[in-house]
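Next comes query-v8.csv, with CSV, C-alpha atoms.
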chain,number,residue,atom,x,y,z
H,1,MET,CA,-16.9,-131.7,70.8
H,2,THR,CA,-20.0,-131.1,68.6
H,3,GLN,CA,-20.6,-133.9,66.2
H,4,PHE,CA,-22.1,-133.2,62.8
H,5,THR,CA,-24.3,-135.8,61.0
H,6,PRO,CA,-23.4,-136.1,58.2
H,7,PRO,CA,-19.9,-134.6,58.6
H,8,PRO,CA,-18.9,-131.9,56.2
H,9,ALA,CA,-17.2,-133.0,53.0
H,10,PRO,CA,-13.4,-132.5,53.0
H,11,SER,CA,-13.8,-130.2,49.9
H,12,GLU,CA,-16.2,-128.0,51.8
H,13,VAL,CA,-13.9,-127.7,54.8
H,14,GLU,CA,-11.0,-126.9,52.5
H,15,ALA,CA,-12.9,-124.3,50.6
H,16,PHE,CA,-14.0,-122.5,53.7
H,17,ILE,CA,-10.5,-122.6,55.2
H,18,GLY,CA,-9.3,-121.0,52.0
H,19,ARG,CA,-11.9,-118.2,52.5
H,20,VAL,CA,-10.9,-117.6,56.1
H,21,VAL,CA,-7.2,-117.5,55.1
H,22,THR,CA,-8.0,-115.0,52.4
H,23,ASP,CA,-9.9,-112.8,55.0
H,24,LEU,CA,-7.0,-113.1,57.5
H,25,GLY,CA,-4.6,-112.0,54.8
H,26,ALA,CA,-6.8,-109.0,54.0
H,27,ALA,CA,-7.2,-108.1,57.7
H,28,PHE,CA,-3.5,-108.3,58.3
H,29,SER,CA,-2.6,-106.4,55.1
H,30,GLY,CA,-5.1,-103.6,55.8
H,31,VAL,CA,-2.7,-102.3,58.4
H,32,LEU,CA,0.1,-102.2,55.7
H,33,VAL,CA,-2.2,-100.2,53.4
H,34,ASN,CA,-2.4,-97.6,56.1
H,35,VAL,CA,1.4,-97.8,56.5
H,36,GLY,CA,1.9,-97.4,52.8
H,37,ARG,CA,-0.4,-94.4,52.7
H,38,LYS,CA,1.0,-92.6,55.8
H,39,LEU,CA,4.6,-93.1,54.7
H,40,GLY,CA,3.9,-92.0,51.2
H,41,LEU,CA,5.0,-95.3,49.7
H,42,TYR,CA,2.1,-95.5,47.2
H,43,GLN,CA,2.7,-92.0,46.1
H,44,ALA,CA,6.4,-92.6,45.7
H,45,MET,CA,5.7,-95.6,43.5
H,46,ALA,CA,3.3,-93.7,41.4
H,47,ASP,CA,6.1,-91.1,40.8
H,48,LEU,CA,8.9,-93.6,40.3
H,49,GLY,CA,7.3,-96.1,38.0
H,50,ALA,CA,8.9,-99.6,38.1
H,51,CYS,CA,11.4,-99.6,40.9
H,52,THR,CA,13.4,-101.9,43.2
H,53,SER,CA,13.0,-102.0,46.9
H,54,THR,CA,16.3,-100.1,47.2
H,55,ALA,CA,15.1,-97.3,44.9
H,56,LEU,CA,11.8,-97.0,46.9
H,57,ALA,CA,13.7,-97.0,50.1
H,58,GLU,CA,16.0,-94.2,48.9
H,59,ALA,CA,13.0,-92.2,47.6
H,60,THR,CA,11.2,-92.4,50.9
H,61,GLY,CA,13.9,-92.6,53.5
H,62,ILE,CA,12.5,-95.9,54.9
H,63,ARG,CA,14.9,-98.7,55.7
H,64,GLU,CA,15.1,-101.0,52.7
H,65,ARG,CA,14.5,-104.2,54.8
H,66,TYR,CA,11.1,-102.9,55.8
H,67,ILE,CA,10.4,-101.8,52.2
H,68,ARG,CA,11.2,-105.2,50.9
H,69,GLU,CA,8.8,-107.0,53.2
H,70,TRP,CA,6.1,-104.4,52.5
H,71,LEU,CA,6.4,-104.7,48.8
H,72,ALA,CA,6.3,-108.5,49.0
H,73,ASN,CA,3.0,-108.3,50.9
H,74,GLN,CA,1.6,-105.8,48.4
H,75,ALA,CA,2.6,-108.0,45.5
H,76,ALA,CA,1.1,-111.1,47.0
H,77,GLY,CA,-2.2,-109.2,47.4
H,78,GLY,CA,-2.2,-107.8,43.9
H,79,TYR,CA,-1.9,-104.2,45.2
H,80,VAL,CA,1.4,-103.8,43.3
H,81,ALA,CA,2.8,-105.7,40.3
H,82,TYR,CA,6.1,-107.6,40.5
H,83,ASP,CA,8.4,-108.4,37.5
H,84,PRO,CA,10.4,-111.4,38.5
H,85,ALA,CA,12.8,-111.1,35.6
H,86,LYS,CA,13.8,-107.5,36.5
H,87,GLN,CA,13.0,-107.9,40.2
H,88,THR,CA,11.1,-104.6,40.1
H,89,TYR,CA,7.8,-103.5,41.5
H,90,ALA,CA,5.3,-101.1,40.0
H,91,LEU,CA,2.0,-99.5,41.0
H,92,PRO,CA,-0.4,-100.0,38.0
H,93,PRO,CA,-2.5,-97.0,37.1
H,94,ALA,CA,-5.7,-98.6,38.4
H,95,GLN,CA,-4.1,-99.2,41.8
H,96,ALA,CA,-2.6,-95.8,41.8
H,97,MET,CA,-6.1,-94.2,41.4
H,98,VAL,CA,-7.4,-96.1,44.3
H,99,LEU,CA,-4.3,-96.0,46.6
H,100,ALA,CA,-2.1,-93.0,45.8
H,101,LEU,CA,-4.0,-90.2,44.1
H,102,GLU,CA,-6.2,-88.4,46.8
H,103,GLN,CA,-8.0,-86.3,44.2
H,104,SER,CA,-9.0,-89.4,42.2
H,105,PRO,CA,-12.7,-90.1,42.0
H,106,ILE,CA,-12.1,-93.7,43.3
H,107,PHE,CA,-9.5,-93.0,46.0
H,108,MET,CA,-10.1,-95.4,48.9
H,109,ALA,CA,-6.9,-96.0,50.8
H,110,SER,CA,-7.7,-93.9,53.8
H,111,ALA,CA,-11.0,-95.9,54.3
H,112,PHE,CA,-8.8,-98.5,56.0
H,113,GLU,CA,-8.8,-96.1,59.0
H,114,VAL,CA,-12.3,-97.3,59.6
H,115,ALA,CA,-11.2,-100.9,59.9
H,116,ALA,CA,-8.4,-99.8,62.3
H,117,SER,CA,-10.9,-97.9,64.5
H,118,PHE,CA,-13.1,-101.0,64.8
H,119,TRP,CA,-10.2,-103.2,65.9
H,120,LEU,CA,-9.2,-100.5,68.5
H,121,ASP,CA,-12.8,-100.4,69.7
H,122,GLU,CA,-13.2,-104.2,69.9
H,123,ASP,CA,-13.6,-104.3,73.6
H,124,GLN,CA,-16.3,-101.6,73.6
H,125,ILE,CA,-18.1,-103.4,70.7
H,126,VAL,CA,-18.1,-106.7,72.6
H,127,ALA,CA,-19.4,-105.0,75.7
H,128,THR,CA,-22.2,-103.4,73.6
H,129,PHE,CA,-23.3,-106.7,72.1
H,130,ARG,CA,-23.2,-108.3,75.5
H,131,SER,CA,-25.2,-105.6,77.2
H,132,GLY,CA,-27.6,-104.8,74.4
H,133,GLU,CA,-27.1,-101.1,75.0
H,134,GLY,CA,-26.0,-98.5,72.5
H,135,LEU,CA,-22.6,-97.0,71.7
H,136,GLY,CA,-22.6,-93.4,70.5
H,137,TRP,CA,-20.6,-92.3,67.5
H,138,HIS,CA,-18.7,-89.9,69.8
H,139,ALA,CA,-17.5,-92.9,71.9
H,140,HIS,CA,-15.5,-94.5,69.1
H,141,ASN,CA,-11.8,-94.0,68.3
H,142,HIS,CA,-11.2,-90.8,66.3
H,143,LEU,CA,-9.9,-92.9,63.4
H,144,LEU,CA,-13.6,-93.7,62.6
H,145,PHE,CA,-14.4,-90.1,62.0
H,146,CYS,CA,-11.5,-89.5,59.7
H,147,GLY,CA,-11.8,-92.7,57.8
H,148,THR,CA,-15.6,-92.4,57.3
H,149,GLU,CA,-15.2,-88.8,56.0
H,150,SER,CA,-12.5,-89.9,53.6
H,151,PHE,CA,-14.4,-92.9,52.3
H,152,PHE,CA,-17.5,-90.9,51.5
H,153,ARG,CA,-15.7,-87.7,50.5
H,154,THR,CA,-14.4,-89.4,47.4
H,155,GLY,CA,-17.9,-90.0,46.1
H,156,TYR,CA,-19.1,-86.5,47.2
H,157,ARG,CA,-16.2,-84.8,45.4
H,158,ALA,CA,-16.9,-86.8,42.2
H,159,CYS,CA,-20.7,-86.8,42.2
H,160,LEU,CA,-22.4,-84.4,44.6
H,161,VAL,CA,-22.2,-81.2,42.6
H,162,ASN,CA,-21.9,-82.7,39.1
H,163,GLU,CA,-24.5,-85.5,39.3
H,164,TRP,CA,-26.6,-85.8,42.4
H,165,LEU,CA,-27.7,-82.2,42.9
H,166,PRO,CA,-28.6,-81.9,39.1
H,167,ALA,CA,-30.7,-85.1,39.5
H,168,LEU,CA,-33.0,-83.3,41.9
H,169,ASP,CA,-35.8,-81.4,40.2
H,170,GLY,CA,-35.0,-77.7,40.0
H,171,VAL,CA,-32.5,-77.6,42.8
H,172,VAL,CA,-29.4,-76.5,40.9
H,173,GLU,CA,-31.2,-73.5,39.5
H,174,ARG,CA,-32.2,-72.4,43.0
H,175,LEU,CA,-28.7,-72.9,44.3
H,176,LYS,CA,-27.3,-70.7,41.5
H,177,ARG,CA,-29.7,-68.0,42.3
H,178,GLY,CA,-29.3,-68.2,46.1
H,179,ALA,CA,-30.8,-70.9,48.3
H,180,ARG,CA,-30.9,-71.8,52.0
H,181,VAL,CA,-29.4,-75.2,52.7
H,182,ALA,CA,-29.0,-77.4,55.8
H,183,ASP,CA,-26.6,-80.4,55.9
H,184,ILE,CA,-27.7,-82.6,58.7
H,185,GLY,CA,-25.1,-84.9,60.3
H,186,CYS,CA,-22.4,-83.2,58.4
H,187,GLY,CA,-19.5,-84.7,60.3
H,188,HIS,CA,-16.3,-83.0,59.2
H,189,GLY,CA,-18.2,-80.9,56.7
H,190,ALA,CA,-16.9,-82.4,53.5
H,191,SER,CA,-20.3,-82.3,51.7
H,192,THR,CA,-21.2,-78.9,53.1
H,193,ILE,CA,-17.9,-77.3,52.0
H,194,LEU,CA,-18.2,-78.7,48.5
H,195,MET,CA,-21.6,-77.3,48.0
H,196,ALA,CA,-20.6,-73.9,49.5
H,197,GLN,CA,-17.7,-73.7,47.1
H,198,ALA,CA,-19.9,-74.6,44.1
H,199,PHE,CA,-22.7,-72.2,44.9
H,200,PRO,CA,-21.4,-69.0,46.4
H,201,LYS,CA,-24.8,-67.2,46.3
H,202,SER,CA,-26.4,-69.8,48.5
H,203,SER,CA,-26.0,-70.1,52.3
H,204,PHE,CA,-25.1,-73.4,54.0
H,205,ILE,CA,-25.3,-74.6,57.5
H,206,GLY,CA,-23.7,-77.9,58.6
H,207,LEU,CA,-25.1,-79.5,61.8
H,208,ASP,CA,-23.9,-82.4,63.8
H,209,TYR,CA,-24.4,-83.5,67.5
H,210,HIS,CA,-20.6,-84.3,67.8
H,211,HIS,CA,-18.6,-81.3,69.1
H,212,GLY,CA,-15.3,-82.7,67.8
H,213,SER,CA,-16.6,-83.1,64.2
H,214,ILE,CA,-18.0,-79.6,64.1
H,215,ALA,CA,-14.7,-78.2,65.4
H,216,THR,CA,-12.9,-80.0,62.6
H,217,ALA,CA,-15.5,-78.9,60.0
H,218,ARG,CA,-14.9,-75.2,61.0
H,219,THR,CA,-11.2,-75.7,60.6
H,220,ARG,CA,-11.5,-77.4,57.2
H,221,ALA,CA,-13.7,-74.6,55.9
H,222,ALA,CA,-11.3,-72.0,57.1
H,223,GLU,CA,-8.3,-73.8,55.6
H,224,GLN,CA,-10.1,-73.9,52.2
H,225,GLY,CA,-11.1,-70.3,52.4
H,226,VAL,CA,-14.8,-71.1,52.6
H,227,THR,CA,-16.2,-68.7,55.2
H,228,GLY,CA,-18.6,-66.2,53.7
H,229,ASN,CA,-21.6,-68.5,53.0
H,230,ILE,CA,-21.1,-71.3,55.4
H,231,ALA,CA,-21.5,-72.0,59.1
H,232,PHE,CA,-21.4,-75.0,61.4
H,233,GLU,CA,-23.4,-75.7,64.6
H,234,VAL,CA,-23.6,-78.4,67.2
H,235,LYS,CA,-27.2,-79.5,66.9
H,236,SER,CA,-29.1,-82.8,66.8
H,237,ALA,CA,-31.1,-83.8,63.8
H,238,THR,CA,-34.4,-83.3,65.5
H,239,GLU,CA,-33.6,-80.0,67.2
H,240,PHE,CA,-31.9,-77.8,64.6
H,241,ASP,CA,-33.1,-74.2,64.2
H,242,GLY,CA,-34.5,-72.4,61.3
H,243,GLU,CA,-37.3,-72.4,58.7
H,244,ASP,CA,-37.7,-71.8,55.0
H,245,PHE,CA,-34.9,-74.1,53.8
H,246,ASP,CA,-34.8,-74.8,50.0
H,247,LEU,CA,-32.8,-78.0,50.6
H,248,VAL,CA,-32.0,-80.2,53.5
H,249,CYS,CA,-29.4,-82.9,53.1
H,250,PHE,CA,-28.7,-86.1,54.9
H,251,MET,CA,-25.4,-87.5,53.7
H,252,ASP,CA,-24.9,-91.1,54.7
H,253,CYS,CA,-26.3,-90.5,58.2
H,254,LEU,CA,-30.1,-90.9,58.4
H,255,HIS,CA,-29.8,-94.6,59.3
H,256,ASP,CA,-27.4,-93.7,62.2
H,257,LEU,CA,-30.0,-91.6,63.9
H,258,GLY,CA,-32.1,-92.8,66.9
H,259,ASP,CA,-35.2,-91.1,65.6
H,260,PRO,CA,-35.0,-90.8,61.8
H,261,VAL,CA,-38.7,-90.3,61.5
H,262,GLY,CA,-38.5,-87.4,64.0
H,263,ALA,CA,-35.5,-86.0,62.1
H,264,LEU,CA,-37.3,-86.0,58.8
H,265,ALA,CA,-40.5,-84.6,60.4
H,266,ARG,CA,-38.4,-81.7,61.7
H,267,CYS,CA,-37.1,-81.2,58.1
H,268,HIS,CA,-40.6,-81.3,56.8
H,269,GLU,CA,-41.4,-78.4,59.1
H,270,ALA,CA,-38.2,-76.5,58.2
H,271,LEU,CA,-38.6,-76.8,54.4
H,272,LYS,CA,-40.3,-74.3,52.2
H,273,PRO,CA,-43.5,-75.7,50.7
H,274,ASP,CA,-41.6,-76.6,47.5
H,275,GLY,CA,-38.3,-77.5,49.2
H,276,LYS,CA,-36.5,-80.8,48.8
H,277,VAL,CA,-34.6,-83.3,50.9
H,278,LEU,CA,-31.5,-84.9,49.5
H,279,LEU,CA,-31.1,-88.3,51.2
H,280,VAL,CA,-27.9,-90.1,50.4
H,281,GLU,CA,-27.7,-93.6,52.0
H,282,PRO,CA,-25.5,-96.7,51.6
H,283,TYR,CA,-26.5,-98.7,48.6
H,284,ALA,CA,-28.8,-101.6,49.5
H,285,GLY,CA,-31.5,-103.8,48.1
H,286,ASP,CA,-34.8,-104.3,49.9
H,287,ARG,CA,-34.2,-107.9,50.8
H,288,LEU,CA,-31.3,-109.5,52.7
H,289,GLU,CA,-30.5,-111.8,49.8
H,290,GLU,CA,-29.9,-108.8,47.5
H,291,ASN,CA,-27.1,-107.6,49.9
H,292,LEU,CA,-25.2,-110.8,50.3
H,293,ASN,CA,-22.2,-109.5,48.3
H,294,PRO,CA,-18.9,-107.6,49.1
H,295,ILE,CA,-20.6,-104.2,49.4
H,296,GLY,CA,-23.3,-105.5,51.7
H,297,ARG,CA,-20.8,-107.4,53.8
H,298,MET,CA,-18.8,-104.2,54.3
H,299,TYR,CA,-21.9,-102.1,55.2
H,300,TYR,CA,-23.4,-104.8,57.5
H,301,ALA,CA,-20.1,-104.9,59.4
H,302,ALA,CA,-20.0,-101.1,59.8
H,303,SER,CA,-23.7,-101.2,60.7
H,304,ALA,CA,-23.2,-103.8,63.4
H,305,MET,CA,-20.2,-101.9,65.0
H,306,ALA,CA,-21.1,-98.3,64.5
H,307,CYS,CA,-24.4,-97.4,62.8
H,308,THR,CA,-26.9,-99.5,64.7
H,309,PRO,CA,-25.2,-99.1,68.1
H,310,ASN,CA,-25.2,-95.3,67.6
H,311,SER,CA,-29.0,-95.4,66.8
H,312,LEU,CA,-29.7,-97.6,69.9
H,313,SER,CA,-27.8,-95.1,72.1
H,314,GLN,CA,-30.2,-92.3,71.3
H,315,GLU,CA,-33.9,-91.6,72.0
H,316,VAL,CA,-36.3,-93.9,70.1
H,317,GLY,CA,-33.5,-96.1,69.0
H,318,LEU,CA,-35.1,-97.3,65.7
H,319,GLY,CA,-31.9,-99.0,64.5
H,320,LEU,CA,-32.5,-98.7,60.8
H,321,GLY,CA,-29.0,-100.0,60.0
H,322,ALA,CA,-26.8,-99.2,57.1
H,323,GLN,CA,-28.6,-101.6,54.7
H,324,ALA,CA,-32.2,-100.3,55.2
H,325,GLY,CA,-33.0,-100.3,51.5
H,326,GLU,CA,-35.2,-98.0,49.5
H,327,GLU,CA,-38.6,-99.4,50.6
H,328,ARG,CA,-37.8,-99.1,54.3
H,329,LEU,CA,-36.6,-95.6,53.8
H,330,ARG,CA,-39.7,-94.7,51.9
H,331,LYS,CA,-41.8,-95.9,54.8
H,332,VAL,CA,-39.8,-93.7,57.2
H,333,ALA,CA,-40.3,-90.7,54.9
H,334,ARG,CA,-44.0,-91.3,54.7
H,335,GLU,CA,-44.3,-91.6,58.5
H,336,ALA,CA,-42.5,-88.2,58.7
H,337,GLY,CA,-45.1,-86.6,56.3
H,338,PHE,CA,-43.3,-86.6,53.0
H,339,SER,CA,-45.5,-87.3,50.0
H,340,SER,CA,-42.9,-89.0,47.7
H,341,LEU,CA,-39.5,-90.5,47.6
H,342,ARG,CA,-37.8,-90.9,44.3
H,343,ARG,CA,-34.5,-92.6,43.4
H,344,ALA,CA,-32.7,-89.8,41.7
H,345,ALA,CA,-29.3,-91.5,41.1
H,346,GLN,CA,-27.1,-94.3,42.4
H,347,THR,CA,-23.6,-95.5,42.6
H,348,PRO,CA,-22.1,-98.8,43.6
H,349,VAL,CA,-21.9,-97.6,47.2
H,350,ASN,CA,-24.8,-95.1,47.5
H,351,LEU,CA,-28.5,-94.6,46.9
H,352,ILE,CA,-29.4,-90.9,46.1
H,353,LEU,CA,-33.0,-90.2,47.0
H,354,GLU,CA,-35.2,-87.1,46.6
H,355,LEU,CA,-37.9,-86.5,49.1
H,356,THR,CA,-40.7,-84.0,48.4
H,357,PRO,CA,-43.1,-82.6,51.1
Will you turn the file into structure tokens for me?
Amino acid sequence: MTQFTPPPAPSEVEAFIGRVVTDLGAAFSGVLVNVGRKLGLYQAMADLGACTSTALAEATGIRERYIREWLANQAAGGYVAYDPAKQTYALPPAQAMVLALEQSPIFMASAFEVAASFWLDEDQIVATFRSGEGLGWHAHNHLLFCGTESFFRTGYRACLVNEWLPALDGVVERLKRGARVADIGCGHGASTILMAQAFPKSSFIGLDYHHGSIATARTRAAEQGVTGNIAFEVKSATEFDGEDFDLVCFMDCLHDLGDPVGALARCHEALKPDGKVLLVEPYAGDRLEENLNPIGRMYYAASAMACTPNSLSQEVGLGLGAQAGEERLRKVAREAGFSSLRRAAQTPVNLILELTP
């Protein structure tokens, strides 16, 4: 057994064990967040107000014994409130906005699907680390695609049309008149559809190398009645067709690419001389120590298991990672031929950058 000199103080050991127990509780309970969302338990609690386990069971058709255990777990984690005098449980408004109300600007419950996908892909991730090879986005469990879309869609719905696009110089005016827009790495098309709905005179094309995601994007657009000014194509970021775009968007995807410099260089060619690139990336500082916080921890985890392996699976394999930071992104943009990169806006989870040819 490894001997430490000097040995750790008992208080240090106790404190770290407490942290690990907290993390284990969160890891176990993340599954129950998915259970609560998929079975409509959070929504039912939002509708019922304070309720007993029996009342929630009757409202949802779930066996009361399971409801009772689920509620106890949620109360222990602070996800629901428990009144010991009345023996009732309630979903406070703040928790309801995060866990129950899908149209809320801070809805996050379905992001636990991402965590579920990583556990399901654990063997692949171990093999990837061991071999040093890449692991393409398409090779992950489908829960990663749905969970990632849902996590970022909340921010897109709240901010993309109302805040981020207006923060770009002159872009909204163009979109209102009729502009040509490409959404690179569009995934399930959440951002593309939102923009097409908001600006019916403009034309939008969503592009992604993943066939399954493009099929889903086409279905989502049709379901929402957005067909006249939108299209989706299976294309890589360096090989998409077309010229004279007014706006090219990279929504939380540039860092995933094997060749982000090549992708931006292709955009530089495809833009009008006065066109813009909207680059939305995970929020990060430029130094590691700036990112040693809960947001950074979450993004470094996703980067280690999905973003960096995807980049390393492709040509060039630059491996920017999800915490590249503004200065590193500025360097990439300059190498691609862009004259300037400006921080147009930010949120706790995103940097919103404007690139000008």
Inset, instruction - Considering all atoms listed in the file, state which residue in the set H:Ala96, H:Ala127, H:Leu271, H:Ala75 is at the smallest distance from Tyr42 of chain H. - result: H:Ala96
Inset, instruction - Report the distance between atom CA of Gly136 of chain H and atom CA of Val35 of chain H in Å, rounded to one decimal place. - result: 28.1 Å
Inset, instruction - Skip Leu278 of chain H itself and residues of its chain fewer than 4 positions away, then list as number ranges by chain all residues within 12 Å of it, counting all atoms listed in the file. - result: H: 160, 164-169, 171, 181-184, 191, 246-254, 264, 267, 271, 333, 341-345, 351-357
Export C-alpha atoms of the chosen residues as an mmCIF file, keeping the file's coordinate frame?
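Contents of part.cif, freshly written:
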data_model
loop_
_atom_site.group_PDB
_atom_site.id
_atom_site.type_symbol
_atom_site.label_atom_id
_atom_site.label_comp_id
_atom_site.auth_asym_id
_atom_site.auth_seq_id
_atom_site.Cartn_x
_atom_site.Cartn_y
_atom_site.Cartn_z
ATOM 1 C CA LEU H 160 -22.400 -84.400 44.600
ATOM 2 C CA TRP H 164 -26.600 -85.800 42.400
ATOM 3 C CA LEU H 165 -27.700 -82.200 42.900
ATOM 4 C CA PRO H 166 -28.600 -81.900 39.100
ATOM 5 C CA ALA H 167 -30.700 -85.100 39.500
ATOM 6 C CA LEU H 168 -33.000 -83.300 41.900
ATOM 7 C CA ASP H 169 -35.800 -81.400 40.200
ATOM 8 C CA VAL H 171 -32.500 -77.600 42.800
ATOM 9 C CA VAL H 181 -29.400 -75.200 52.700
ATOM 10 C CA ALA H 182 -29.000 -77.400 55.800
ATOM 11 C CA ASP H 183 -26.600 -80.400 55.900
ATOM 12 C CA ILE H 184 -27.700 -82.600 58.700
ATOM 13 C CA SER H 191 -20.300 -82.300 51.700
ATOM 14 C CA ASP H 246 -34.800 -74.800 50.000
ATOM 15 C CA LEU H 247 -32.800 -78.000 50.600
ATOM 16 C CA VAL H 248 -32.000 -80.200 53.500
ATOM 17 C CA CYS H 249 -29.400 -82.900 53.100
ATOM 18 C CA PHE H 250 -28.700 -86.100 54.900
ATOM 19 C CA MET H 251 -25.400 -87.500 53.700
ATOM 20 C CA ASP H 252 -24.900 -91.100 54.700
ATOM 21 C CA CYS H 253 -26.300 -90.500 58.200
ATOM 22 C CA LEU H 254 -30.100 -90.900 58.400
ATOM 23 C CA LEU H 264 -37.300 -86.000 58.800
ATOM 24 C CA CYS H 267 -37.100 -81.200 58.100
ATOM 25 C CA LEU H 271 -38.600 -76.800 54.400
ATOM 26 C CA ALA H 333 -40.300 -90.700 54.900
ATOM 27 C CA LEU H 341 -39.500 -90.500 47.600
ATOM 28 C CA ARG H 342 -37.800 -90.900 44.300
ATOM 29 C CA ARG H 343 -34.500 -92.600 43.400
ATOM 30 C CA ALA H 344 -32.700 -89.800 41.700
ATOM 31 C CA ALA H 345 -29.300 -91.500 41.100
ATOM 32 C CA LEU H 351 -28.500 -94.600 46.900
ATOM 33 C CA ILE H 352 -29.400 -90.900 46.100
ATOM 34 C CA LEU H 353 -33.000 -90.200 47.000
ATOM 35 C CA GLU H 354 -35.200 -87.100 46.600
ATOM 36 C CA LEU H 355 -37.900 -86.500 49.100
ATOM 37 C CA THR H 356 -40.700 -84.000 48.400
ATOM 38 C CA PRO H 357 -43.100 -82.600 51.100
#
Using all atoms listed in the file, find each residue in segment 104-160 of chain H having at least one atom no more than 12 Å away from segment 197-216 of chain H; report its shortest atom-to-atom pair and that distance in Å (one decimal), rows by chain then rising number, as a tab-separated table.
residue	atom	partner	partner_atom	distance
H:Gly136	CA	H:His210	CA	9.7
H:Trp137	CA	H:His210	CA	8.0
H:His138	CA	H:His210	CA	6.2
H:Ala139	CA	H:His210	CA	10.0
H:His140	CA	H:His210	CA	11.5
H:Asn141	CA	H:Gly212	CA	11.8
H:His142	CA	H:Gly212	CA	9.2
H:Leu143	CA	H:Ser213	CA	11.9
H:Leu144	CA	H:Ser213	CA	11.1
H:Phe145	CA	H:Ser213	CA	7.7
H:Cys146	CA	H:Ser213	CA	9.3
H:Thr148	CA	H:Ser213	CA	11.6
H:Glu149	CA	H:Ser213	CA	10.1
H:Arg157	CA	H:Ala198	CA	10.9
H:Leu160	CA	H:Ala198	CA	10.1
Inset, instruction - Would you list the contacts of Asp259 of chain H as number ranges by chain, taking every protein, DNA or RNA residue within 7 Å and counting all atoms listed in the file, but skipping same-chain residues closer than 3 positions in sequence? - result: H: 262-263, 315-318
